[in-house]
file model_6.pdb (PDB, C-alpha atoms, pLDDT in the B column)
ATOM      1  CA  GLY A 522     -21.639 -17.446  48.762  1.00 87.00           C
ATOM      2  CA  VAL A 523     -24.593 -15.035  48.894  1.00 90.00           C
ATOM      3  CA  CYS A 524     -27.461 -14.175  46.568  1.00 91.00           C
ATOM      4  CA  ARG A 525     -28.820 -10.721  45.756  1.00 90.00           C
ATOM      5  CA  THR A 526     -31.906 -10.101  43.628  1.00 90.00           C
ATOM      6  CA  ILE A 527     -31.380  -7.459  40.939  1.00 89.00           C
ATOM      7  CA  GLU A 528     -33.222  -6.157  37.888  1.00 89.00           C
ATOM      8  CA  TRP A 529     -32.007  -5.894  34.328  1.00 86.00           C
ATOM      9  CA  ASP A 530     -33.304  -4.142  31.233  1.00 88.00           C
ATOM     10  CA  TYR A 531     -34.828  -6.690  28.869  1.00 86.00           C
ATOM     11  CA  GLU A 532     -35.330  -5.880  25.194  1.00 88.00           C
ATOM     12  CA  GLN A 533     -36.857  -8.042  22.478  1.00 87.00           C
ATOM     13  CA  GLU A 534     -37.527  -7.079  18.898  1.00 87.00           C
ATOM     14  CA  ARG A 535     -40.916  -8.339  17.759  1.00 84.00           C
ATOM     15  CA  PRO A 536     -41.025  -8.260  13.938  1.00 85.00           C
ATOM     16  CA  TYR A 537     -44.535  -9.671  13.875  1.00 83.00           C
ATOM     17  CA  LYS A 538     -45.768  -6.632  15.846  1.00 82.00           C
ATOM     18  CA  GLY A 539     -43.263  -4.156  14.519  1.00 84.00           C
ATOM     19  CA  ASP A 540     -42.110  -2.985  17.955  1.00 87.00           C
ATOM     20  CA  VAL A 541     -39.533  -3.590  20.668  1.00 88.00           C
ATOM     21  CA  LEU A 542     -40.611  -5.044  23.986  1.00 87.00           C
ATOM     22  CA  LYS A 543     -38.855  -3.286  26.887  1.00 89.00           C
ATOM     23  CA  GLU A 544     -39.337  -4.230  30.511  1.00 90.00           C
ATOM     24  CA  LYS A 545     -37.568  -4.870  33.793  1.00 90.00           C
ATOM     25  CA  ARG A 546     -36.821  -8.499  34.600  1.00 89.00           C
ATOM     26  CA  ARG A 547     -35.551 -10.198  37.713  1.00 90.00           C
ATOM     27  CA  ALA A 548     -32.144 -11.804  37.970  1.00 90.00           C
ATOM     28  CA  TYR A 549     -29.974 -13.249  40.716  1.00 92.00           C
ATOM     29  CA  LEU A 550     -26.475 -11.968  41.365  1.00 93.00           C
ATOM     30  CA  LEU A 551     -24.511 -14.738  43.107  1.00 93.00           C
ATOM     31  CA  LEU A 552     -21.378 -13.540  44.888  1.00 92.00           C
ATOM     32  CA  PHE A 553     -18.653 -15.861  46.156  1.00 92.00           C
ATOM     33  CA  TYR A 554     -15.490 -15.529  48.198  1.00 92.00           C
ATOM     34  CA  ASN A 555     -12.697 -18.103  48.026  1.00 90.00           C
ATOM     35  CA  PRO A 556      -9.733 -17.632  50.440  1.00 90.00           C
ATOM     36  CA  GLU A 557      -7.489 -19.798  48.250  1.00 90.00           C
ATOM     37  CA  LYS A 558      -8.297 -17.619  45.254  1.00 89.00           C
ATOM     38  CA  ALA A 559      -7.602 -14.531  47.395  1.00 91.00           C
ATOM     39  CA  ALA A 560      -4.127 -15.835  48.212  1.00 92.00           C
ATOM     40  CA  LYS A 561      -3.446 -16.622  44.550  1.00 92.00           C
ATOM     41  CA  ASP A 562      -4.758 -13.218  43.434  1.00 91.00           C
ATOM     42  CA  GLN A 563      -2.444 -11.555  45.953  1.00 92.00           C
ATOM     43  CA  ALA A 564       0.564 -13.559  44.775  1.00 93.00           C
ATOM     44  CA  ASP A 565      -0.223 -12.852  41.103  1.00 92.00           C
ATOM     45  CA  MET A 566      -0.646  -9.137  41.796  1.00 93.00           C
ATOM     46  CA  ASN A 567       2.615  -8.977  43.762  1.00 93.00           C
ATOM     47  CA  GLU A 568       4.405 -10.567  40.815  1.00 93.00           C
ATOM     48  CA  TYR A 569       2.746  -8.166  38.379  1.00 92.00           C
ATOM     49  CA  LEU A 570       3.593  -5.076  40.463  1.00 93.00           C
ATOM     50  CA  THR A 571       7.180  -6.254  40.809  1.00 93.00           C
ATOM     51  CA  GLY A 572       7.367  -6.509  37.025  1.00 92.00           C
ATOM     52  CA  LEU A 573       5.984  -2.979  36.644  1.00 91.00           C
ATOM     53  CA  TYR A 574       8.489  -1.620  39.158  1.00 91.00           C
ATOM     54  CA  ASN A 575      11.407  -3.325  37.407  1.00 91.00           C
ATOM     55  CA  ASP A 576      10.228  -1.958  34.051  1.00 89.00           C
ATOM     56  CA  LEU A 577      10.187   1.580  35.429  1.00 88.00           C
ATOM     57  CA  LYS A 578      13.524   1.127  37.151  1.00 86.00           C
ATOM     58  CA  GLU A 579      15.253  -0.201  34.030  1.00 85.00           C
ATOM     59  CA  GLY A 580      13.488   2.066  31.550  1.00 83.00           C
ATOM     60  CA  ARG A 581      11.468  -0.646  29.816  1.00 84.00           C
ATOM     61  CA  HIS A 582       7.926  -0.119  28.561  1.00 85.00           C
ATOM     62  CA  ARG A 583       5.226  -2.650  27.728  1.00 85.00           C
ATOM     63  CA  ASP A 584       2.325  -1.192  25.771  1.00 86.00           C
ATOM     64  CA  TYR A 585      -0.360  -3.329  27.412  1.00 85.00           C
ATOM     65  CA  CYS A 586       0.800  -2.130  30.856  1.00 86.00           C
ATOM     66  CA  ALA A 587       0.851   1.560  29.921  1.00 85.00           C
ATOM     67  CA  LYS A 588      -2.092   2.568  32.129  1.00 89.00           C
ATOM     68  CA  ASP A 589      -0.934   0.527  35.115  1.00 90.00           C
ATOM     69  CA  TYR A 590       2.481   2.201  35.337  1.00 89.00           C
ATOM     70  CA  SER A 591       0.849   5.483  36.291  1.00 89.00           C
ATOM     71  CA  LYS A 592      -1.995   3.814  38.172  1.00 91.00           C
ATOM     72  CA  TYR A 593       0.204   2.049  40.718  1.00 91.00           C
ATOM     73  CA  PHE A 594       3.420   4.122  40.743  1.00 91.00           C
ATOM     74  CA  GLU A 595       4.429   7.773  40.952  1.00 90.00           C
ATOM     75  CA  VAL A 596       7.604   8.486  38.983  1.00 84.00           C
ATOM     76  CA  THR A 597       9.614  11.672  39.488  1.00 86.00           C
ATOM     77  CA  GLU A 598      12.984  12.638  38.064  1.00 80.00           C
ATOM     78  CA  THR A 599      15.460  15.265  39.222  1.00 78.00           C
ATOM     79  CA  PRO A 600      18.911  16.131  37.858  1.00 75.00           C
ATOM     80  CA  LYS A 601      20.604  15.296  41.182  1.00 72.00           C
ATOM     81  CA  ARG A 602      18.666  12.319  42.506  1.00 73.00           C
ATOM     82  CA  GLY A 603      17.675  10.816  39.189  1.00 75.00           C
ATOM     83  CA  ARG A 604      14.524   8.712  38.874  1.00 79.00           C
ATOM     84  CA  LYS A 605      12.447   8.069  41.996  1.00 86.00           C
ATOM     85  CA  ILE A 606       9.665   5.468  41.968  1.00 87.00           C
ATOM     86  CA  GLU A 607       7.025   5.589  44.691  1.00 90.00           C
ATOM     87  CA  PRO A 608       4.153   3.070  44.985  1.00 91.00           C
ATOM     88  CA  LYS A 609       0.602   4.401  45.135  1.00 92.00           C
ATOM     89  CA  GLU A 610      -0.598   2.477  48.160  1.00 91.00           C
ATOM     90  CA  GLU A 611      -4.211   3.619  47.924  1.00 92.00           C
ATOM     91  CA  ALA A 612      -4.536   2.192  44.401  1.00 91.00           C
ATOM     92  CA  MET A 613      -2.934  -1.086  45.480  1.00 92.00           C
ATOM     93  CA  LEU A 614      -5.240  -1.389  48.501  1.00 91.00           C
ATOM     94  CA  ALA A 615      -8.265  -0.663  46.296  1.00 91.00           C
ATOM     95  CA  ALA A 616      -7.274  -3.526  43.984  1.00 89.00           C
ATOM     96  CA  ALA A 617      -6.740  -5.837  46.967  1.00 90.00           C
ATOM     97  CA  LYS A 618     -10.373  -5.435  48.062  1.00 90.00           C
ATOM     98  CA  ASN A 619     -11.485  -7.664  45.201  1.00 88.00           C
ATOM     99  CA  TYR A 620      -9.039 -10.508  45.813  1.00 92.00           C
ATOM    100  CA  GLY A 621     -10.812 -13.855  46.142  1.00 91.00           C
ATOM    101  CA  TYR A 622     -14.210 -12.667  44.907  1.00 91.00           C
ATOM    102  CA  PHE A 623     -16.062 -13.815  41.812  1.00 91.00           C
ATOM    103  CA  ALA A 624     -19.664 -13.643  40.635  1.00 92.00           C
ATOM    104  CA  LEU A 625     -22.238 -15.578  38.645  1.00 92.00           C
ATOM    105  CA  LEU A 626     -25.461 -14.244  37.169  1.00 91.00           C
ATOM    106  CA  SER A 627     -28.636 -16.289  36.751  1.00 90.00           C
ATOM    107  CA  ASN A 628     -32.232 -15.572  35.853  1.00 87.00           C
ATOM    108  CA  GLU A 629     -33.426 -18.839  37.362  1.00 86.00           C
ATOM    109  CA  VAL A 630     -31.174 -20.307  40.084  1.00 88.00           C
ATOM    110  CA  LYS A 631     -30.968 -18.329  43.317  1.00 87.00           C
ATOM    111  CA  ASP A 632     -29.143 -20.790  45.573  1.00 90.00           C
ATOM    112  CA  PRO A 633     -25.415 -19.914  45.359  1.00 90.00           C
ATOM    113  CA  TYR A 634     -24.078 -23.442  45.725  1.00 88.00           C
ATOM    114  CA  THR A 635     -26.544 -24.962  43.277  1.00 87.00           C
ATOM    115  CA  ALA A 636     -25.532 -22.328  40.733  1.00 87.00           C
ATOM    116  CA  LEU A 637     -21.841 -22.994  41.399  1.00 86.00           C
ATOM    117  CA  SER A 638     -22.355 -26.735  40.923  1.00 81.00           C
ATOM    118  CA  ILE A 639     -24.108 -26.128  37.592  1.00 80.00           C
ATOM    119  CA  TYR A 640     -21.348 -23.766  36.502  1.00 82.00           C
ATOM    120  CA  ARG A 641     -18.657 -26.306  37.363  1.00 77.00           C
ATOM    121  CA  SER A 642     -20.557 -28.985  35.474  1.00 73.00           C
ATOM    122  CA  LYS A 643     -20.075 -26.841  32.370  1.00 71.00           C
ATOM    123  CA  ASP A 644     -16.352 -27.062  33.014  1.00 67.00           C
ATOM    124  CA  VAL A 645     -16.630 -30.851  33.326  1.00 64.00           C
ATOM    125  CA  VAL A 646     -18.306 -31.016  29.903  1.00 66.00           C
ATOM    126  CA  GLU A 647     -15.504 -28.971  28.361  1.00 70.00           C
ATOM    127  CA  LYS A 648     -12.886 -31.152  29.998  1.00 68.00           C
ATOM    128  CA  ALA A 649     -14.763 -34.238  28.840  1.00 68.00           C
ATOM    129  CA  PHE A 650     -14.138 -33.147  25.261  1.00 69.00           C
ATOM    130  CA  VAL A 651     -10.488 -32.582  26.153  1.00 70.00           C
ATOM    131  CA  ASN A 652     -10.404 -36.105  27.577  1.00 65.00           C
ATOM    132  CA  LEU A 653     -11.958 -37.415  24.371  1.00 67.00           C
ATOM    133  CA  LYS A 654      -9.296 -35.744  22.257  1.00 67.00           C
ATOM    134  CA  ASP A 655      -6.262 -36.307  24.469  1.00 66.00           C
ATOM    135  CA  ARG A 656      -6.741 -38.910  27.187  1.00 60.00           C
ATOM    136  CA  LEU A 657      -8.988 -41.148  25.042  1.00 60.00           C
ATOM    137  CA  ASN A 658      -7.075 -40.532  21.791  1.00 62.00           C
ATOM    138  CA  PHE A 659     -10.076 -39.251  19.824  1.00 66.00           C
ATOM    139  CA  ARG A 660      -8.433 -36.180  18.309  1.00 63.00           C
ATOM    140  CA  ARG A 661      -8.221 -38.095  15.044  1.00 67.00           C
ATOM    141  CA  ILE A 662     -10.833 -40.730  14.385  1.00 67.00           C
ATOM    142  CA  GLN A 663      -8.511 -42.892  12.235  1.00 70.00           C
ATOM    143  CA  VAL A 664     -10.985 -45.579  11.211  1.00 71.00           C
ATOM    144  CA  SER A 665     -11.403 -47.291   7.852  1.00 76.00           C
ATOM    145  CA  SER A 666     -15.086 -48.187   7.968  1.00 82.00           C
ATOM    146  CA  GLU A 667     -18.414 -47.037   9.347  1.00 81.00           C
ATOM    147  CA  LEU A 668     -18.543 -50.136  11.548  1.00 84.00           C
ATOM    148  CA  SER A 669     -15.197 -49.225  13.144  1.00 82.00           C
ATOM    149  CA  LEU A 670     -16.413 -45.660  13.668  1.00 79.00           C
ATOM    150  CA  ASN A 671     -19.535 -46.870  15.449  1.00 83.00           C
ATOM    151  CA  GLY A 672     -17.448 -49.135  17.661  1.00 83.00           C
ATOM    152  CA  LYS A 673     -15.029 -46.365  18.567  1.00 79.00           C
ATOM    153  CA  LEU A 674     -17.861 -43.946  19.324  1.00 80.00           C
ATOM    154  CA  PHE A 675     -19.420 -46.546  21.610  1.00 85.00           C
ATOM    155  CA  VAL A 676     -16.171 -47.039  23.521  1.00 82.00           C
ATOM    156  CA  GLU A 677     -15.713 -43.275  23.885  1.00 78.00           C
ATOM    157  CA  PHE A 678     -19.292 -42.962  25.149  1.00 80.00           C
ATOM    158  CA  VAL A 679     -18.702 -45.655  27.787  1.00 84.00           C
ATOM    159  CA  ALA A 680     -15.478 -43.899  28.833  1.00 80.00           C
ATOM    160  CA  LEU A 681     -17.368 -40.629  29.342  1.00 77.00           C
ATOM    161  CA  ILE A 682     -19.904 -42.478  31.478  1.00 81.00           C
ATOM    162  CA  TYR A 683     -17.035 -43.594  33.726  1.00 83.00           C
ATOM    163  CA  LEU A 684     -15.762 -40.011  33.928  1.00 79.00           C
ATOM    164  CA  SER A 685     -19.226 -38.798  34.954  1.00 78.00           C
ATOM    165  CA  TYR A 686     -19.419 -41.544  37.564  1.00 84.00           C
ATOM    166  CA  VAL A 687     -16.019 -40.605  39.007  1.00 86.00           C
ATOM    167  CA  LYS A 688     -17.126 -36.964  39.248  1.00 83.00           C
ATOM    168  CA  LYS A 689     -20.313 -37.968  41.072  1.00 84.00           C
ATOM    169  CA  LYS A 690     -18.384 -40.117  43.571  1.00 89.00           C
ATOM    170  CA  MET A 691     -15.874 -37.304  44.102  1.00 89.00           C
ATOM    171  CA  GLN A 692     -18.720 -34.923  44.965  1.00 86.00           C
ATOM    172  CA  GLU A 693     -20.220 -37.420  47.421  1.00 88.00           C
ATOM    173  CA  ALA A 694     -16.839 -37.934  49.112  1.00 90.00           C
ATOM    174  CA  ASN A 695     -15.975 -34.184  49.130  1.00 90.00           C
ATOM    175  CA  LEU A 696     -12.812 -34.946  47.171  1.00 90.00           C
ATOM    176  CA  PHE A 697     -13.069 -31.700  45.205  1.00 87.00           C
ATOM    177  CA  GLU A 698     -11.734 -29.985  48.337  1.00 86.00           C
ATOM    178  CA  LYS A 699      -8.370 -31.664  47.660  1.00 88.00           C
ATOM    179  CA  TRP A 700      -8.456 -32.743  44.014  1.00 89.00           C
ATOM    180  CA  THR A 701      -9.608 -31.705  40.588  1.00 86.00           C
ATOM    181  CA  LEU A 702     -11.070 -34.430  38.371  1.00 82.00           C
ATOM    182  CA  GLN A 703      -8.079 -34.221  36.053  1.00 82.00           C
ATOM    183  CA  GLY A 704      -5.610 -34.247  38.954  1.00 89.00           C
ATOM    184  CA  LEU A 705      -7.197 -37.322  40.535  1.00 90.00           C
ATOM    185  CA  LEU A 706      -7.167 -39.233  37.249  1.00 87.00           C
ATOM    186  CA  ASP A 707      -3.547 -38.248  36.660  1.00 89.00           C
ATOM    187  CA  GLU A 708      -2.654 -39.532  40.131  1.00 91.00           C
ATOM    188  CA  LEU A 709      -4.247 -42.931  39.454  1.00 89.00           C
ATOM    189  CA  ASP A 710      -2.841 -43.017  35.920  1.00 88.00           C
ATOM    190  CA  THR A 711       0.650 -43.685  37.292  1.00 89.00           C
ATOM    191  CA  ILE A 712      -0.340 -47.206  38.420  1.00 88.00           C
ATOM    192  CA  GLU A 713       1.141 -49.675  35.948  1.00 88.00           C
ATOM    193  CA  LEU A 714       0.313 -53.280  35.126  1.00 85.00           C
ATOM    194  CA  PHE A 715       2.914 -55.422  33.375  1.00 84.00           C
ATOM    195  CA  GLU A 716       2.425 -58.789  31.750  1.00 84.00           C
ATOM    196  CA  ALA A 717       5.330 -61.157  31.123  1.00 80.00           C
ATOM    197  CA  PRO A 718       5.015 -64.606  29.453  1.00 81.00           C
ATOM    198  CA  GLU A 719       6.809 -66.425  32.284  1.00 78.00           C
ATOM    199  CA  HIS A 720       5.592 -64.400  35.260  1.00 77.00           C
ATOM    200  CA  GLY A 721       2.026 -63.502  34.353  1.00 81.00           C
ATOM    201  CA  ARG A 722       0.694 -60.133  35.402  1.00 83.00           C
ATOM    202  CA  ILE A 723       2.789 -57.902  37.641  1.00 83.00           C
ATOM    203  CA  LEU A 724       1.178 -54.902  39.322  1.00 85.00           C
ATOM    204  CA  GLY A 725       3.295 -51.820  39.841  1.00 85.00           C
ATOM    205  CA  GLU A 726       3.455 -49.955  43.139  1.00 87.00           C
ATOM    206  CA  VAL A 727       0.180 -48.617  44.522  1.00 89.00           C
ATOM    207  CA  THR A 728       0.900 -45.788  46.941  1.00 91.00           C
ATOM    208  CA  LYS A 729      -0.936 -45.097  50.185  1.00 91.00           C
ATOM    209  CA  LYS A 730      -2.399 -41.936  48.666  1.00 91.00           C
ATOM    210  CA  GLN A 731      -3.789 -43.912  45.721  1.00 92.00           C
ATOM    211  CA  VAL A 732      -5.316 -46.521  48.045  1.00 91.00           C
ATOM    212  CA  GLU A 733      -7.024 -43.738  49.998  1.00 91.00           C
ATOM    213  CA  ILE A 734      -8.472 -42.344  46.759  1.00 91.00           C
ATOM    214  CA  TYR A 735      -9.925 -45.729  45.812  1.00 91.00           C
ATOM    215  CA  GLN A 736     -11.381 -46.133  49.289  1.00 91.00           C
ATOM    216  CA  SER A 737     -12.942 -42.659  49.136  1.00 90.00           C
ATOM    217  CA  LEU A 738     -14.553 -43.596  45.815  1.00 89.00           C
ATOM    218  CA  GLU A 739     -15.757 -46.859  47.377  1.00 88.00           C
ATOM    219  CA  VAL A 740     -13.757 -48.870  44.835  1.00 87.00           C
ATOM    220  CA  GLN A 741     -11.523 -51.837  45.653  1.00 88.00           C
ATOM    221  CA  PRO A 742      -7.867 -50.862  45.121  1.00 87.00           C
ATOM    222  CA  PRO A 743      -6.137 -52.853  42.333  1.00 84.00           C
ATOM    223  CA  SER A 744      -4.476 -56.076  43.420  1.00 79.00           C
ATOM    224  CA  LEU A 745      -3.455 -59.433  41.959  1.00 62.00           C
TER
END
call {"tool": "encode", "arguments": {"input": "model_6.pdb", "output": "structure tokens"}}
result
Amino acid sequence: GVCRTIEWDYEQERPYKGDVLKEKRRAYLLLFYNPEKAAKDQADMNEYLTGLYNDLKEGRHRDYCAKDYSKYFEVTETPKRGRKIEPKEEAMLAAAKNYGYFALLSNEVKDPYTALSIYRSKDVVEKAFVNLKDRLNFRRIQVSSELSLNGKLFVEFVALIYLSYVKKKMQEANLFEKWTLQGLLDELDTIELFEAPEHGRILGEVTKKQVEIYQSLEVQPPSL
């Protein structure tokens, strides 16, 4: 990740003065390169180009791809040889130059990795609401009294605190290099605990991978 200082045109209408304030202001353009994203972008583009080629070969036409047919392929037809489809390699190479790159823009944060951490925290907040609705069954409140509502809100709040704690421990242990927050929780979610009247509590299998996750989070793996 690198940072470049740029300027942008700021405008603000000022009704109390009856004018428009115009000036140049500083901003930070934060550029990132991710080799994993580059590989995925390449694979996605290969799949897309293959689809375009097959469309042209079989005479299909998708309206939203109309510009890309001519952008990436040269199509010629002759009475003897029929339709000939040639890839435009220069256009494909030009598109490949951007694989793996993405950018953030800030008017305050100039450290690339601090900005990226803040940006990803926004994603955590969005996923927290998804967890509230799906994982924590809060899509429908389904309570019959204000007291029950307050109790459910409290439990949901405590659950979100745990999610925030797990995220913090994952950052400290560099687990985001291997896991997403949702993926890690899904992995641990497969551990089952049964309770039978005659046998007490029975813990399901805890895999080696799950034990390693608990150890990385500095949490004692479940046991009876």
call {"tool": "resolve_selection", "arguments": {"input": "model_6.pdb", "expression": "the PyMOL selection byres ((chain A and resi 701) around 12)", "output": "list in words"}}
result
Arg641, Asp644, Val645, Lys648, Val687, Lys688, Met691, Gln692, Asn695, Leu696, Phe697, Glu698, Lys699, Trp700, Leu702, Gln703, Gly704, Leu705, Leu706, Asp707 and Glu708 of chain A
call {"tool": "residues_near_point", "arguments": {"input": "model_6.pdb", "point": "(-7.9, -5.9, 47.9)", "cutoff": "12 Å", "atoms": "all atoms listed in the file", "output": "number ranges by chain"}}
result
A: 559-560, 562-564, 566-567, 610-622
call {"tool": "atom_distance", "arguments": {"input": "model_6.pdb", "atom1": "CA of Pro718 (chain A)", "atom2": "CA of Ser744 (chain A)"}}
result
18.9 Å
call {"tool": "residues_around", "arguments": {"input": "model_6.pdb", "residues": "region 594-598 of chain A", "least_positions_apart": "3", "cutoff": "9 Å", "atoms": "all atoms listed in the file", "output": "list in words"}}
result
Leu573, Tyr574, Leu577, Asp589, Tyr590, Ser591, Lys601, Arg602, Gly603, Arg604, Lys605, Ile606, Glu607, Pro608, Lys609, Glu610 and Ala612 of chain A
call {"tool": "atom_distance", "arguments": {"input": "model_6.pdb", "atom1": "CA of Thr711 (chain A)", "atom2": "CA of Tyr683 (chain A)"}}
result
18.0 Å
call {"tool": "closest_residue", "arguments": {"input": "model_6.pdb", "among": "A:Asp576, A:Glu667, A:Glu629, A:Glu726", "to": "Leu714 (chain A)", "atoms": "only C-alpha atoms"}}
result
A:Glu726
call {"tool": "resolve_selection", "arguments": {"input": "model_6.pdb", "expression": "the PyMOL selection byres ((chain A and resi 552) around 10)", "output": "list in words"}}
result
Gly522, Val523, Cys524, Arg525, Tyr549, Leu550, Leu551, Phe553, Tyr554, Tyr622, Phe623, Ala624, Leu625, Leu626 and Pro633 of chain A
call {"tool": "residues_around", "arguments": {"input": "model_6.pdb", "residues": "Val541 (chain A)", "least_positions_apart": "4", "cutoff": "10 Å", "atoms": "all atoms listed in the file", "output": "mmCIF file with C-alpha atoms, in the coordinates of the input"}}
result
data_model
loop_
_atom_site.group_PDB
_atom_site.id
_atom_site.type_symbol
_atom_site.label_atom_id
_atom_site.label_comp_id
_atom_site.auth_asym_id
_atom_site.auth_seq_id
_atom_site.Cartn_x
_atom_site.Cartn_y
_atom_site.Cartn_z
ATOM 1 C CA TYR A 531 -34.828 -6.690 28.869
ATOM 2 C CA GLU A 532 -35.330 -5.880 25.194
ATOM 3 C CA GLN A 533 -36.857 -8.042 22.478
ATOM 4 C CA GLU A 534 -37.527 -7.079 18.898
ATOM 5 C CA ARG A 535 -40.916 -8.339 17.759
ATOM 6 C CA PRO A 536 -41.025 -8.260 13.938
#
call {"tool": "atom_distance", "arguments": {"input": "model_6.pdb", "atom1": "CA of Lys631 (chain A)", "atom2": "CA of Lys690 (chain A)"}}
result
25.2 Å
call {"tool": "closest_residue", "arguments": {"input": "model_6.pdb", "among": "A:Ala680, A:Lys588, A:Leu709, A:Leu668", "to": "Pro742 (chain A)", "atoms": "only C-alpha atoms"}}
result
A:Leu709
call {"tool": "residues_around", "arguments": {"input": "model_6.pdb", "residues": "Glu733 (chain A)", "least_positions_apart": "2", "cutoff": "12 Å", "atoms": "all atoms listed in the file", "output": "PyMOL selection string"}}
result
chain A and resi 694+696+705+708-709+727-731+735-743
call {"tool": "build_atoms", "arguments": {"input": "model_6.pdb", "residues": "region 719-734 of chain A", "atoms": "N, CA, C and O atoms", "output": "compact mmCIF listing (two decimals), in the coordinates of the input"}}
result
# COMPACT_ATOMS: atom_id res chain seq x y z
N GLU A 719 6.42 -65.45 31.27
CA GLU A 719 6.81 -66.42 32.28
C GLU A 719 6.30 -66.08 33.68
O GLU A 719 6.22 -66.95 34.54
N HIS A 720 5.96 -64.83 33.90
CA HIS A 720 5.59 -64.40 35.26
C HIS A 720 4.14 -63.96 35.38
O HIS A 720 3.69 -63.64 36.49
N GLY A 721 3.41 -63.94 34.28
CA GLY A 721 2.03 -63.50 34.35
C GLY A 721 1.94 -62.00 34.53
O GLY A 721 2.82 -61.25 34.12
N ARG A 722 0.90 -61.56 35.20
CA ARG A 722 0.69 -60.13 35.40
C ARG A 722 1.40 -59.64 36.66
O ARG A 722 1.35 -60.30 37.70
N ILE A 723 2.07 -58.51 36.52
CA ILE A 723 2.79 -57.90 37.64
C ILE A 723 2.25 -56.48 37.83
O ILE A 723 2.31 -55.66 36.92
N LEU A 724 1.73 -56.22 39.01
CA LEU A 724 1.18 -54.90 39.32
C LEU A 724 2.26 -53.99 39.87
O LEU A 724 3.03 -54.39 40.75
N GLY A 725 2.34 -52.78 39.33
CA GLY A 725 3.30 -51.82 39.84
C GLY A 725 2.90 -51.33 41.23
O GLY A 725 1.86 -51.71 41.77
N GLU A 726 3.71 -50.46 41.78
CA GLU A 726 3.46 -49.96 43.14
C GLU A 726 2.17 -49.14 43.20
O GLU A 726 1.89 -48.31 42.34
N VAL A 727 1.37 -49.41 44.23
CA VAL A 727 0.18 -48.62 44.52
C VAL A 727 0.44 -47.88 45.83
O VAL A 727 0.61 -48.51 46.89
N THR A 728 0.53 -46.57 45.76
CA THR A 728 0.90 -45.79 46.94
C THR A 728 -0.26 -45.69 47.93
O THR A 728 -1.42 -45.97 47.60
N LYS A 729 0.07 -45.27 49.14
CA LYS A 729 -0.94 -45.10 50.18
C LYS A 729 -1.96 -44.05 49.76
O LYS A 729 -3.16 -44.21 50.01
N LYS A 730 -1.50 -42.99 49.12
CA LYS A 730 -2.40 -41.94 48.67
C LYS A 730 -3.40 -42.48 47.64
O LYS A 730 -4.59 -42.16 47.68
N GLN A 731 -2.91 -43.34 46.74
CA GLN A 731 -3.79 -43.91 45.72
C GLN A 731 -4.81 -44.86 46.34
O GLN A 731 -5.97 -44.88 45.93
N VAL A 732 -4.39 -45.63 47.35
CA VAL A 732 -5.32 -46.52 48.04
C VAL A 732 -6.42 -45.70 48.72
O VAL A 732 -7.60 -46.07 48.68
N GLU A 733 -6.04 -44.59 49.33
CA GLU A 733 -7.02 -43.74 50.00
C GLU A 733 -8.04 -43.17 49.00
O GLU A 733 -9.21 -43.04 49.31
N ILE A 734 -7.56 -42.85 47.79
CA ILE A 734 -8.47 -42.34 46.76
C ILE A 734 -9.49 -43.42 46.39
O ILE A 734 -10.70 -43.16 46.31
